[in-house]
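Trainee: Contents are compact mmCIF, C-alpha atoms; file name run_20.txt:
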```txt
# COMPACT_ATOMS: atom_id res chain seq x y z
CA MET A 1 0.00 0.00 0.00
CA ARG A 2 2.06 2.90 -1.33
CA ILE A 3 1.36 6.42 -0.10
CA ALA A 4 2.82 9.41 -1.95
CA ILE A 5 4.50 11.88 0.40
CA VAL A 6 4.10 14.99 -1.74
CA GLN A 7 6.72 17.74 -1.37
CA PHE A 8 7.18 21.17 -2.91
CA PRO A 9 10.19 23.51 -2.67
CA GLY A 10 10.24 24.52 1.00
CA SER A 11 8.46 21.44 2.40
CA ASN A 12 10.24 20.15 5.50
CA CYS A 13 8.12 17.57 7.32
CA GLU A 14 8.64 14.55 5.08
CA ARG A 15 10.64 12.46 7.59
CA GLU A 16 8.09 12.66 10.41
CA THR A 17 5.29 11.95 7.93
CA MET A 18 7.05 8.91 6.48
CA LEU A 19 7.62 7.49 9.95
CA ALA A 20 3.95 7.92 10.84
CA VAL A 21 2.90 6.18 7.62
CA GLN A 22 5.30 3.32 8.39
CA ARG A 23 3.91 2.96 11.92
CA ALA A 24 0.47 2.50 10.36
CA GLY A 25 1.76 -0.36 8.18
CA MET A 26 1.83 1.51 4.88
CA GLU A 27 4.72 2.22 2.50
CA PRO A 28 5.65 5.92 2.21
CA VAL A 29 7.23 7.05 -1.05
CA GLU A 30 8.68 10.53 -1.42
CA PHE A 31 7.23 12.36 -4.40
CA LEU A 32 8.72 15.68 -5.50
CA TRP A 33 6.76 18.32 -7.39
CA ASN A 34 9.06 18.07 -10.44
CA GLN A 35 8.76 14.32 -10.96
CA PRO A 36 6.55 13.03 -13.82
CA ARG A 37 3.11 13.66 -12.34
CA GLU A 38 1.55 10.74 -14.23
CA LEU A 39 3.30 8.45 -11.72
CA LEU A 40 0.96 9.74 -9.01
CA ARG A 41 -1.84 7.60 -10.42
CA ASP A 42 -0.08 4.48 -9.15
CA PHE A 43 -0.46 5.40 -5.45
CA ALA A 44 -3.18 4.32 -3.04
CA GLY A 45 -3.26 7.64 -1.18
CA TYR A 46 -1.57 11.01 -0.81
CA ILE A 47 -0.20 13.14 2.00
CA ILE A 48 0.86 16.73 1.31
CA VAL A 49 3.39 17.50 4.01
CA GLY A 50 3.98 20.59 6.12
CA GLY A 51 6.62 23.23 5.79
CA PHE A 52 6.79 26.46 3.80
CA SER A 53 6.15 25.68 0.14
CA TYR A 54 7.67 28.40 -2.05
CA GLU A 55 8.56 30.22 1.19
CA ASP A 56 4.87 31.09 1.67
CA ARG A 57 5.24 33.70 -1.07
CA ALA A 58 2.01 35.52 -1.99
CA ARG A 59 0.42 33.63 0.93
CA SER A 60 0.75 30.15 2.39
CA GLY A 61 -0.15 27.43 -0.11
CA ALA A 62 -1.20 29.77 -2.92
CA ILE A 63 1.56 28.95 -5.41
CA ALA A 64 1.73 25.20 -4.73
CA ALA A 65 -2.07 25.01 -5.15
CA LEU A 66 -1.60 25.97 -8.82
CA ASP A 67 1.08 23.36 -9.50
CA PRO A 68 0.18 20.76 -12.17
CA VAL A 69 0.82 18.01 -9.59
CA MET A 70 -2.35 19.10 -7.80
CA SER A 71 -4.51 18.47 -10.87
CA VAL A 72 -3.52 14.78 -10.81
CA ILE A 73 -4.12 14.52 -7.07
CA ARG A 74 -7.54 16.11 -7.60
CA GLU A 75 -8.33 13.57 -10.31
CA GLN A 76 -7.38 10.71 -7.98
CA SER A 77 -9.28 12.18 -5.04
CA GLU A 78 -12.40 12.23 -7.19
CA LEU A 79 -11.97 8.47 -7.57
CA GLY A 80 -12.23 8.24 -3.78
CA LYS A 81 -8.55 7.90 -2.90
CA PRO A 82 -7.63 9.53 0.45
CA VAL A 83 -5.77 12.85 0.51
CA LEU A 84 -4.40 14.32 3.74
CA GLY A 85 -2.88 17.80 3.89
CA ILE A 86 -0.98 18.68 7.07
CA CYS A 87 -0.26 22.31 8.04
CA ASN A 88 1.16 23.79 4.82
CA GLY A 89 -0.45 20.82 3.06
CA ALA A 90 -3.78 21.93 4.55
CA GLN A 91 -3.23 25.46 3.25
CA ILE A 92 -2.54 24.05 -0.21
CA LEU A 93 -5.76 21.98 -0.16
CA VAL A 94 -7.81 25.02 0.89
CA GLU A 95 -6.28 27.25 -1.79
CA ALA A 96 -6.78 24.53 -4.43
CA GLY A 97 -10.46 24.12 -3.50
CA PHE A 98 -10.18 20.46 -2.39
CA VAL A 99 -11.92 21.38 0.86
CA PRO A 100 -14.62 21.92 1.77
CA GLY A 101 -15.50 20.70 -1.73
CA LEU A 102 -17.68 23.17 -3.61
CA ALA A 103 -18.97 22.79 -7.15
CA GLY A 104 -16.27 23.57 -9.69
CA ASN A 105 -13.60 23.28 -6.98
CA LYS A 106 -14.17 26.92 -6.06
CA ILE A 107 -12.40 28.42 -3.08
CA GLY A 108 -14.85 28.56 -0.18
CA MET A 109 -12.73 29.42 2.86
CA ALA A 110 -9.35 30.72 3.90
CA LEU A 111 -6.49 29.83 6.18
CA THR A 112 -5.10 33.18 7.18
CA ASP A 113 -3.06 35.07 9.78
CA ASN A 114 -3.16 33.79 13.34
CA LYS A 115 -5.01 35.93 15.84
CA ARG A 116 -4.49 35.00 19.48
CA MET A 117 -7.53 36.31 21.32
CA SER A 118 -8.41 36.49 25.02
CA GLN A 119 -11.28 38.47 26.55
CA GLY A 120 -11.76 40.40 23.34
CA GLN A 121 -8.12 41.50 23.12
CA VAL A 122 -5.57 40.56 20.48
CA LEU A 123 -2.62 39.13 22.42
CA GLY A 124 -0.50 38.38 19.39
CA ALA A 125 -0.29 37.33 15.77
CA GLY A 126 2.21 35.66 13.50
CA PHE A 127 3.99 32.33 13.88
CA TYR A 128 2.99 30.20 16.88
CA ASN A 129 4.62 26.94 17.94
CA ALA A 130 3.17 24.97 20.88
CA TRP A 131 1.48 21.76 21.97
CA VAL A 132 -2.31 21.94 21.88
CA HIS A 133 -5.27 19.62 22.40
CA MET A 134 -7.86 18.68 19.82
CA ARG A 135 -10.72 16.24 19.48
CA LEU A 136 -13.40 15.23 17.01
CA THR A 137 -16.42 17.51 16.95
CA ASP A 138 -19.53 16.08 18.63
CA ASP A 139 -21.29 15.61 15.28
CA PHE A 140 -18.22 14.39 13.42
CA GLN A 141 -18.33 12.68 10.06
CA TYR A 142 -17.30 9.01 10.09
CA ASN A 143 -14.79 8.99 7.26
CA ALA A 144 -11.36 7.94 5.99
CA PHE A 145 -9.57 9.48 8.99
CA THR A 146 -11.88 8.91 11.97
CA ARG A 147 -12.37 5.15 12.26
CA TYR A 148 -10.44 4.78 15.53
CA LEU A 149 -11.44 8.01 17.28
CA THR A 150 -14.43 9.45 19.11
CA PRO A 151 -14.98 12.91 20.66
CA LYS A 152 -13.79 11.38 23.95
CA ASN A 153 -10.27 10.89 22.55
CA ILE A 154 -8.32 14.05 23.42
CA LEU A 155 -5.18 14.24 21.30
CA GLU A 156 -2.18 16.33 22.33
CA VAL A 157 -0.43 17.46 19.16
CA PRO A 158 1.92 20.28 18.12
CA VAL A 159 1.03 23.30 16.00
CA ALA A 160 3.62 25.36 14.15
CA HIS A 161 2.17 27.90 11.75
CA ALA A 162 1.61 31.60 11.07
CA GLU A 163 -1.50 31.33 8.88
CA GLY A 164 -3.64 28.67 10.54
CA ARG A 165 -6.88 30.53 11.27
CA PHE A 166 -9.85 29.05 9.41
CA VAL A 167 -12.14 31.78 8.07
CA ILE A 168 -15.44 30.41 6.76
CA PRO A 169 -18.57 32.32 5.68
CA LEU A 170 -21.56 31.70 7.92
CA GLY A 171 -23.74 29.94 5.34
CA LEU A 172 -20.99 27.47 4.48
CA LEU A 173 -20.10 26.98 8.15
CA MET A 174 -23.70 26.01 8.93
CA GLU A 175 -23.76 23.43 6.13
CA MET A 176 -20.41 22.04 7.28
CA GLN A 177 -21.57 21.82 10.90
CA HIS A 178 -24.72 20.00 9.84
CA GLN A 179 -22.61 17.36 8.09
CA GLY A 180 -19.76 17.22 10.62
CA LEU A 181 -17.14 18.52 8.18
CA GLY A 182 -15.43 20.83 10.68
CA LEU A 183 -13.93 17.58 11.76
CA PHE A 184 -11.50 18.38 14.59
CA GLN A 185 -11.72 21.21 17.10
CA TYR A 186 -9.18 22.74 19.46
CA CYS A 187 -10.10 21.97 23.07
CA ASP A 188 -8.63 22.05 26.56
CA PHE A 189 -7.17 19.08 28.45
CA ASP A 190 -10.69 17.90 29.40
CA GLY A 191 -12.15 18.29 25.92
CA ASN A 192 -13.98 21.58 26.49
CA ILE A 193 -14.28 23.78 23.39
CA ILE A 194 -13.20 27.23 24.61
CA ASP A 195 -12.84 29.99 22.03
CA GLU A 196 -9.99 31.75 23.83
CA PHE A 197 -6.22 31.64 23.62
CA PRO A 198 -4.40 29.35 24.41
CA THR A 199 -7.14 26.71 23.89
CA ASN A 200 -7.79 28.16 20.46
CA PRO A 201 -4.21 28.89 19.36
CA ASN A 202 -4.94 30.89 16.21
CA GLY A 203 -8.48 32.29 16.42
CA SER A 204 -10.06 29.76 14.04
CA VAL A 205 -13.82 30.08 13.67
CA ASN A 206 -15.60 27.52 15.85
CA ASN A 207 -12.17 26.32 17.10
CA ILE A 208 -11.77 24.34 13.86
CA ALA A 209 -8.45 22.49 13.55
CA ALA A 210 -9.29 20.36 10.49
CA VAL A 211 -11.94 20.19 7.78
CA THR A 212 -12.95 17.49 5.34
CA ASN A 213 -14.95 17.24 2.14
CA LYS A 214 -18.44 15.79 1.86
CA ALA A 215 -17.17 12.35 0.80
CA GLY A 216 -14.78 12.23 3.76
CA ASN A 217 -11.73 11.21 1.74
CA VAL A 218 -9.92 14.59 1.81
CA MET A 219 -8.83 16.28 5.03
CA ALA A 220 -6.95 19.53 5.67
CA MET A 221 -5.48 19.63 9.20
CA MET A 222 -3.38 22.44 10.70
CA PRO A 223 -1.89 20.56 13.73
CA HIS A 224 0.80 17.95 13.12
CA PRO A 225 -0.48 14.42 13.93
CA GLU A 226 2.62 12.91 12.33
CA ARG A 227 4.89 14.35 15.04
CA THR A 228 3.41 12.26 17.86
CA SER A 229 2.17 8.71 18.27
CA GLN A 230 -1.11 10.19 19.51
CA GLY A 231 -1.89 10.96 15.89
CA ASP A 232 -1.32 7.39 14.71
CA ALA A 233 -5.04 6.60 14.74
CA ILE A 234 -5.55 9.02 11.85
CA PHE A 235 -3.04 7.18 9.66
CA GLN A 236 -4.34 3.76 10.75
CA SER A 237 -7.83 4.84 9.75
CA MET A 238 -6.50 5.96 6.38
CA ARG A 239 -4.92 2.53 5.93
CA ASP A 240 -8.14 0.64 6.71
CA TYR A 241 -10.17 2.98 4.51
CA ILE A 242 -7.93 2.02 1.58
CA HIS A 243 -8.29 -1.69 2.45
CA SER A 244 -12.08 -1.52 2.59
CA GLY A 245 -12.58 0.42 -0.65
CA HIS A 246 -13.05 4.05 -1.62
CA ALA A 247 -15.97 6.40 -1.33
CA GLY A 248 -18.61 5.71 -3.94
CA SER A 249 -18.69 9.26 -5.25
CA VAL A 250 -17.30 12.65 -4.36
CA ARG A 251 -20.16 15.12 -4.40
CA PRO A 252 -19.92 18.89 -3.91
CA LEU A 253 -21.58 20.84 -1.14
CA ASP A 254 -24.63 22.97 -1.86
CA TYR A 255 -23.07 26.28 -0.81
CA VAL A 256 -22.47 28.70 -3.69
CA PRO A 257 -19.73 31.28 -3.03
CA ARG A 258 -20.32 34.90 -3.92
CA PRO A 259 -18.43 36.23 -6.95
CA ASP A 260 -15.30 38.28 -6.40
CA ASP A 261 -16.24 41.90 -5.81
CA ILE A 262 -13.38 44.15 -6.91
CA LYS A 263 -14.06 47.86 -6.61
CA PRO A 264 -11.97 50.92 -7.45
CA PHE A 265 -9.78 52.15 -4.62
CA HIS A 266 -10.44 55.61 -3.21
CA LEU A 267 -8.11 57.20 -0.69
CA GLN A 268 -9.96 58.42 2.39
CA LYS A 269 -10.36 62.17 2.70
CA ASN A 270 -7.51 63.75 4.68
CA ALA A 271 -5.55 60.47 4.56
CA TYR A 272 -1.95 60.08 3.41
CA GLU A 273 -0.66 57.42 1.06
CA LEU A 274 2.69 55.70 1.45
CA ILE A 275 3.99 53.30 -1.21
CA ILE A 276 7.13 51.28 -0.54
CA ASP A 277 9.26 49.73 -3.26
CA MET A 278 11.99 47.15 -2.88
CA ILE A 279 15.59 48.16 -3.58
CA ILE A 280 16.73 44.54 -3.49
CA THR A 281 15.36 41.72 -5.68
CA ASP A 282 11.77 40.82 -4.82
CA ASN A 283 11.67 37.02 -4.90
CA GLU A 284 8.00 36.99 -3.95
CA ALA A 285 6.98 38.89 -7.08
CA MET A 286 9.23 36.66 -9.18
CA SER A 287 7.58 33.51 -7.81
CA VAL A 288 4.09 34.84 -8.50
CA GLN A 289 5.09 35.80 -12.05
CA THR A 290 6.63 32.37 -12.67
CA ALA A 291 3.52 30.58 -11.38
CA LEU A 292 1.27 32.67 -13.64
CA ASN A 293 3.53 32.06 -16.64
CA HIS A 294 3.34 28.31 -15.98
CA LEU A 295 -0.45 28.65 -16.14
CA GLY A 296 -0.08 30.21 -19.58
CA ILE A 297 -0.77 33.75 -18.33
CA PRO A 298 1.90 36.04 -19.88
CA ALA A 299 2.22 38.34 -16.87
CA GLN A 300 4.91 40.61 -15.53
CA ILE A 301 4.51 41.27 -11.80
CA LYS A 302 5.82 43.92 -9.47
CA ARG A 303 4.90 44.03 -5.78
CA GLN A 304 4.87 47.05 -3.47
CA VAL A 305 3.75 47.68 0.09
CA HIS A 306 0.88 50.15 0.49
CA TRP A 307 -0.07 52.17 3.56
CA GLU A 308 -3.09 54.41 3.97
CA ILE A 309 -2.42 56.63 6.97
CA GLU A 310 -5.15 58.60 8.68
CA CYS A 311 -3.66 61.06 11.15
CA ASP A 312 -4.27 64.54 12.56
CA SER A 313 -1.66 66.56 10.69
CA PRO A 314 1.28 66.52 8.27
CA ASP A 315 3.58 66.69 11.30
CA VAL A 316 2.20 63.37 12.60
CA PHE A 317 2.64 61.81 9.16
CA GLU A 318 6.27 62.99 9.06
CA LYS A 319 6.93 61.53 12.52
CA ILE A 320 5.55 58.19 11.35
CA ILE A 321 7.87 58.23 8.33
CA GLN A 322 10.92 59.18 10.40
CA SER A 323 10.26 56.41 12.96
CA GLY A 324 11.34 53.72 10.48
CA VAL A 325 8.47 51.48 11.61
CA LEU A 326 6.74 51.23 8.24
CA PHE A 327 9.77 50.55 6.05
CA ASN A 328 13.49 49.86 6.18
CA ASP A 329 15.41 52.47 4.15
CA ARG A 330 18.35 50.09 3.71
CA LYS A 331 16.34 47.84 1.41
CA GLU A 332 13.18 49.83 0.66
CA MET A 333 12.27 53.29 -0.61
CA MET A 334 9.21 55.50 -0.98
CA VAL A 335 7.79 55.93 -4.51
CA SER A 336 5.01 57.92 -6.18
CA SER A 337 1.66 56.45 -7.13
CA LEU A 338 1.82 58.39 -10.41
CA ASP A 339 4.80 56.30 -11.51
CA ILE A 340 2.84 53.10 -10.88
CA LYS A 341 -0.22 54.14 -12.86
CA ALA A 342 1.90 55.24 -15.81
CA GLN A 343 3.99 52.08 -15.96
CA TYR A 344 1.61 49.16 -15.39
CA GLN A 345 -1.44 47.90 -17.23
CA THR A 346 -3.41 47.06 -14.09
CA SER A 347 -2.69 47.41 -10.39
CA PHE A 348 -4.56 45.60 -7.61
CA LEU A 349 -4.52 46.69 -3.98
CA VAL A 350 -4.99 43.68 -1.69
CA ARG A 351 -5.79 44.25 1.98
CA PRO A 352 -6.51 41.79 4.80
CA LYS A 353 -10.07 41.92 6.07
CA GLU A 354 -8.63 41.91 9.58
CA ASP A 355 -5.55 44.10 9.50
CA ILE A 356 -3.40 42.64 12.28
CA ILE A 357 -0.24 44.25 10.88
CA GLY A 358 -1.85 47.70 10.85
CA GLN A 359 -2.99 47.23 14.46
CA GLN A 360 0.45 46.11 15.59
CA LYS A 361 2.24 48.99 13.84
CA THR A 362 -0.21 51.49 15.37
CA GLN A 363 0.46 50.15 18.85
CA MET A 364 4.22 50.33 18.29
CA LEU A 365 4.10 53.92 17.05
CA GLU A 366 1.91 55.02 19.95
CA HIS A 367 3.52 53.07 22.80
CA HIS A 368 7.20 52.91 21.81
CA PHE A 369 7.56 56.18 19.87
CA GLY A 370 4.97 58.25 21.70
CA ILE A 371 3.31 59.43 18.49
CA ALA A 372 -0.20 60.72 19.16
CA GLY A 373 -2.87 61.62 16.63
CA ILE A 374 -2.93 58.37 14.60
CA ARG A 375 -6.50 57.56 13.64
CA ALA A 376 -5.83 54.49 11.49
CA LEU A 377 -3.08 52.62 9.65
CA LYS A 378 -4.26 50.38 6.81
CA HIS A 379 -1.75 47.92 5.41
CA GLY A 380 -1.93 46.36 1.98
CA VAL A 381 0.03 45.06 -1.00
CA LEU A 382 0.02 46.56 -4.48
CA TRP A 383 0.30 43.93 -7.19
CA ASN A 384 1.22 45.67 -10.45
CA VAL A 385 0.44 43.58 -13.51
CA SER A 386 1.38 44.01 -17.15
CA SER A 387 1.50 41.59 -20.06
CA THR A 388 4.49 40.29 -21.95
CA GLN A 389 2.28 40.24 -25.04
CA ALA A 390 1.34 43.51 -26.72
CA GLN A 391 -2.30 44.56 -26.30
CA ALA A 392 -3.12 41.52 -24.15
CA ASP A 393 -5.43 42.27 -21.21
CA ILE A 394 -4.66 39.50 -18.75
CA SER A 395 -6.10 41.05 -15.60
CA GLU A 396 -9.20 38.83 -15.55
CA HIS A 397 -7.06 35.68 -15.88
CA VAL A 398 -4.89 36.85 -12.99
CA ILE A 399 -7.97 37.45 -10.82
CA GLN A 400 -9.44 34.04 -11.64
CA SER A 401 -6.22 32.31 -10.59
CA HIS A 402 -6.68 33.68 -7.04
CA ILE A 403 -2.93 33.85 -6.64
CA LEU A 404 -3.05 37.47 -5.46
CA PHE A 405 -5.78 37.16 -2.83
CA ASN A 406 -8.22 34.83 -1.09
CA PRO A 407 -11.66 36.51 -1.10
CA TYR A 408 -12.45 35.20 2.40
CA ALA A 409 -9.33 36.70 3.94
CA HIS A 410 -8.72 39.76 1.74
CA ASP A 411 -10.40 42.68 0.02
CA CYS A 412 -9.16 43.50 -3.47
CA TYR A 413 -9.42 46.85 -5.25
CA TYR A 414 -8.50 48.20 -8.66
CA TYR A 415 -5.83 50.76 -7.92
```
Written as structure tokens, that's how I'd like the structure from this file.
Mentor:
Amino acid sequence: MRIAIVQFPGSNCERETMLAVQRAGMEPVEFLWNQPRELLRDFAGYIIVGGFSYEDRARSGAIAALDPVMSVIREQSELGKPVLGICNGAQILVEAGFVPGLAGNKIGMALTDNKRMSQGQVLGAGFYNAWVHMRLTDDFQYNAFTRYLTPKNILEVPVAHAEGRFVIPLGLLMEMQHQGLGLFQYCDFDGNIIDEFPTNPNGSVNNIAAVTNKAGNVMAMMPHPERTSQGDAIFQSMRDYIHSGHAGSVRPLDYVPRPDDIKPFHLQKNAYELIIDMIITDNEAMSVQTALNHLGIPAQIKRQVHWEIECDSPDVFEKIIQSGVLFNDRKEMMVSSLDIKAQYQTSFLVRPKEDIIGQQKTQMLEHHFGIAGIRALKHGVLWNVSSTQAQADISEHVIQSHILFNPYAHDCYYY
């Protein structure tokens, strides 16, 4: 029973995953993204390992989700074969639309920036590495990964991620809850579901730690069950699912996502605009451009940091600039928006729906630099797009790829 251990550039959890697969009595086989993808059809199941594929450029999982390897894994998953994505693997499955499994493989949710919350306060964001507890939800789906577990089994497992917070629209969340697809939840030592840090380590809606599709043969899990023997039951269940036969059919959920709503950007009245360009090579923009080119989209990409600053006076704005908090003048520089609009065919401003970076920078400027009069800092990224082919308007193709933004975690504007 051969299981493909799928790795992309930046994956780093293959050894722990292979050992867990071996403990369950299966044969792990390393499979790299640049091997002939047709060979994937010969495997009984697939595990997309954790790590930092493509250095999390654009956002975690976004570039790997577009890799041709994923099209073959999708094809095999639709035959009922099991697919498990762990941590970065989970992010890839979400960005590729494998879970929760909507019609047309549309993206229906996001895994985005951690938000450690307690009593209504944000205690922290960014990367978090700790041991946590999780269990099956009370109305869990009996599927390829749950045969040896019940909600009474409290598993202690590690988490190690920066973008592990499930964001799910309410209508979809209700359908998933009804079918038990929000499969695992973060809990305390006694199994209580408490939506506070540290029980909920990243602010996931409904304490969700893992989700599955309707057929139950694809699971995206943020904690690392492969790093502890307590997670062995998941791999043993996967083994027995393969032995007993696959799901009869893989059907989509009923939920229909709203279309992308991209509006023109308008700077707030009395607000200041700050655009930051890289002096050094921007590998993130290069990776996004390469991924689009591999999809047949002849794009040239340039990335810039965008700040909209609402403050009381020009003096406050100047103090913010001089603080060095918003950019590093040794590798970045301020540029004019007029240069951008003259040079590029289309520019998109992408902003997080919950701007944790803007909140953190505001707190730093106020508390550490004593700058008063800041009303709001709004952080975003400008993606400047032009075509390598004369007269080709590729903006719609770029939007449809979803490489620049996830509509459940970000707002996107025409700049």
Trainee: Just the number, please: distance in Å from atom CA of Ile320 of chain A to atom CA of Thr362 of chain A, one decimal.
Mentor: 9.7 Å
Trainee: Which protein, DNA or RNA residues have an atom at most 7 Å from (-0.1, 42.6, -11.6), counting all atoms listed in the file? List them as a PyMOL selection string.
Mentor: chain A and resi 300-302+346-348+383-386
Trainee: Write out the residues from the selection above, keeping C-alpha atoms, as a PDB file, keeping the file's coordinate frame.
Mentor:
```pdb
ATOM      1  CA  GLN A 300       4.910  40.610 -15.530  1.00  0.00           C
ATOM      2  CA  ILE A 301       4.510  41.270 -11.800  1.00  0.00           C
ATOM      3  CA  LYS A 302       5.820  43.920  -9.470  1.00  0.00           C
ATOM      4  CA  THR A 346      -3.410  47.060 -14.090  1.00  0.00           C
ATOM      5  CA  SER A 347      -2.690  47.410 -10.390  1.00  0.00           C
ATOM      6  CA  PHE A 348      -4.560  45.600  -7.610  1.00  0.00           C
ATOM      7  CA  TRP A 383       0.300  43.930  -7.190  1.00  0.00           C
ATOM      8  CA  ASN A 384       1.220  45.670 -10.450  1.00  0.00           C
ATOM      9  CA  VAL A 385       0.440  43.580 -13.510  1.00  0.00           C
ATOM     10  CA  SER A 386       1.380  44.010 -17.150  1.00  0.00           C
TER      11      SER A 386
END
```
Trainee: Which residues come within 9 Å of Val159 of chain A, counting all atoms listed in the file, excluding same-chain residues fewer than 5 positions away, as a PDB file with C-alpha atoms, keeping the file's coordinate frame?
Mentor:
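So out_24.pdb came out as:
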```pdb
ATOM      1  CA  CYS A  87      -0.260  22.310   8.040  1.00  0.00           C
ATOM      2  CA  TYR A 128       2.990  30.200  16.880  1.00  0.00           C
ATOM      3  CA  ASN A 129       4.620  26.940  17.940  1.00  0.00           C
ATOM      4  CA  ALA A 130       3.170  24.970  20.880  1.00  0.00           C
ATOM      5  CA  TRP A 131       1.480  21.760  21.970  1.00  0.00           C
ATOM      6  CA  VAL A 132      -2.310  21.940  21.880  1.00  0.00           C
ATOM      7  CA  GLY A 164      -3.640  28.670  10.540  1.00  0.00           C
ATOM      8  CA  PRO A 201      -4.210  28.890  19.360  1.00  0.00           C
ATOM      9  CA  MET A 222      -3.380  22.440  10.700  1.00  0.00           C
ATOM     10  CA  PRO A 223      -1.890  20.560  13.730  1.00  0.00           C
ATOM     11  CA  HIS A 224       0.800  17.950  13.120  1.00  0.00           C
TER      12      HIS A 224
END
```
Trainee: Quick one: of A:Ile275, A:Ser244, A:Gln360, A:Glu55, who's nearest to Glu332 of chain A, counting only C-alpha atoms?
Mentor: A:Ile275
Trainee: List the spatial neighbours of segment 32-49 of chain A as a ChimeraX atom specification - criterion: any atom at most 6 Å away, all atoms listed in the file, same-chain residues fewer than 3 positions off excluded.
Mentor: /A:2-8,13,69,81-86,89
Trainee: Using C-alpha atoms, can you write the selected residues to a file as a JSON list (two decimals), in the frame of the given file?
Mentor:
```
[["chain", "number", "residue", "atom", "x", "y", "z"],
["A", 2, "ARG", "CA", 2.06, 2.90, -1.33],
["A", 3, "ILE", "CA", 1.36, 6.42, -0.10],
["A", 4, "ALA", "CA", 2.82, 9.41, -1.95],
["A", 5, "ILE", "CA", 4.50, 11.88, 0.40],
["A", 6, "VAL", "CA", 4.10, 14.99, -1.74],
["A", 7, "GLN", "CA", 6.72, 17.74, -1.37],
["A", 8, "PHE", "CA", 7.18, 21.17, -2.91],
["A", 13, "CYS", "CA", 8.12, 17.57, 7.32],
["A", 69, "VAL", "CA", 0.82, 18.01, -9.59],
["A", 81, "LYS", "CA", -8.55, 7.90, -2.90],
["A", 82, "PRO", "CA", -7.63, 9.53, 0.45],
["A", 83, "VAL", "CA", -5.77, 12.85, 0.51],
["A", 84, "LEU", "CA", -4.40, 14.32, 3.74],
["A", 85, "GLY", "CA", -2.88, 17.80, 3.89],
["A", 86, "ILE", "CA", -0.98, 18.68, 7.07],
["A", 89, "GLY", "CA", -0.45, 20.82, 3.06]]
```
Trainee: Pick from A:Ile208, A:Ala162, A:Leu102, A:Cys187: nearest to His133 of chain A, with all atoms listed in the file counted?
Mentor: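 Closest candidate: A:Cys187.
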Trainee: With 3 Å of padding per side, what axis-aligned box (centre and edge lengths, Å, one decimal) covers all the listed atoms of segment 151-156 of chain A? Give it as AutoDock Vina command-line options.
Mentor:
```
--center_x -8.6 --center_y 13.6 --center_z 22.3 --size_x 18.8 --size_y 11.4 --size_z 9.3
```
Trainee: Quick one: distance from atom CA of Leu66 of chain A to atom CA of Lys106 of chain A in Å, one decimal?
Mentor: 12.9 Å
Trainee: Measuring between all atoms listed in the file, which one of A:Glu310, A:Glu196, A:Asp240, A:Asp67 shows the shortest distance to Val288 of chain A?
Mentor: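 So, comparing all the options, the nearest one is A:Asp67.
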Trainee: If you measure from atom CA of Val316 of chain A to atom CA of Ile371 of chain A, what distance in Å do you get, rounded to one decimal?
Mentor: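 Pair atom CA of Val316 of chain A / atom CA of Ile371 of chain A returns 7.2 Å.
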Trainee: Using only C-alpha atoms, pick whichever of A:Leu170, A:Ile394, A:Leu404, A:Ala103 has the shortest atom-to-atom distance to Val256 of chain A.
Mentor: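 Residue with the minimum atom-to-atom distance to Val256 of chain A: A:Ala103.
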Trainee: For Leu123 of chain A, which residue out of A:Gly80, A:Pro257, A:Gly203, A:Pro68 is the nearest one, using all atoms listed in the file?
Mentor: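 Comparing A:Gly80, A:Pro257, A:Gly203, A:Pro68 against Leu123 of chain A, the winner is A:Gly203.
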Trainee: Find the residues with any atom within 8 Å of (3.2, 23.6, 2.1); use all atoms listed in the file and the coordinates as given in the file, and write the answer as an mmCIF file with C-alpha atoms, keeping the file's coordinate frame.
Mentor:
```cif
data_model
loop_
_atom_site.group_PDB
_atom_site.id
_atom_site.type_symbol
_atom_site.label_atom_id
_atom_site.label_comp_id
_atom_site.auth_asym_id
_atom_site.auth_seq_id
_atom_site.Cartn_x
_atom_site.Cartn_y
_atom_site.Cartn_z
ATOM 1 C CA GLN A 7 6.720 17.740 -1.370
ATOM 2 C CA PHE A 8 7.180 21.170 -2.910
ATOM 3 C CA GLY A 10 10.240 24.520 1.000
ATOM 4 C CA SER A 11 8.460 21.440 2.400
ATOM 5 C CA ILE A 48 0.860 16.730 1.310
ATOM 6 C CA VAL A 49 3.390 17.500 4.010
ATOM 7 C CA GLY A 50 3.980 20.590 6.120
ATOM 8 C CA GLY A 51 6.620 23.230 5.790
ATOM 9 C CA PHE A 52 6.790 26.460 3.800
ATOM 10 C CA SER A 53 6.150 25.680 0.140
ATOM 11 C CA TYR A 54 7.670 28.400 -2.050
ATOM 12 C CA ASP A 56 4.870 31.090 1.670
ATOM 13 C CA SER A 60 0.750 30.150 2.390
ATOM 14 C CA GLY A 61 -0.150 27.430 -0.110
ATOM 15 C CA ALA A 64 1.730 25.200 -4.730
ATOM 16 C CA CYS A 87 -0.260 22.310 8.040
ATOM 17 C CA ASN A 88 1.160 23.790 4.820
ATOM 18 C CA GLY A 89 -0.450 20.820 3.060
ATOM 19 C CA ALA A 90 -3.780 21.930 4.550
ATOM 20 C CA GLN A 91 -3.230 25.460 3.250
ATOM 21 C CA ILE A 92 -2.540 24.050 -0.210
#
```
Trainee: Neighbouring residues of Cys311 of chain A were defined as those with any atom within 12 Å, considering all atoms listed in the file; residues of the same chain fewer than 5 positions away were excluded. Please report them as an MDAnalysis selection string.
Mentor: chainID A and resid 268:273 316:320 362 371:378
Trainee: Given the choices A:Ser71, A:Thr212, A:Asn153, A:Gln121, which gets closest to Met134 of chain A if the distance is worked out from only C-alpha atoms?
Mentor: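 Checking each of A:Ser71, A:Thr212, A:Asn153, A:Gln121 against Met134 of chain A, counting only C-alpha atoms, the winner is A:Asn153.
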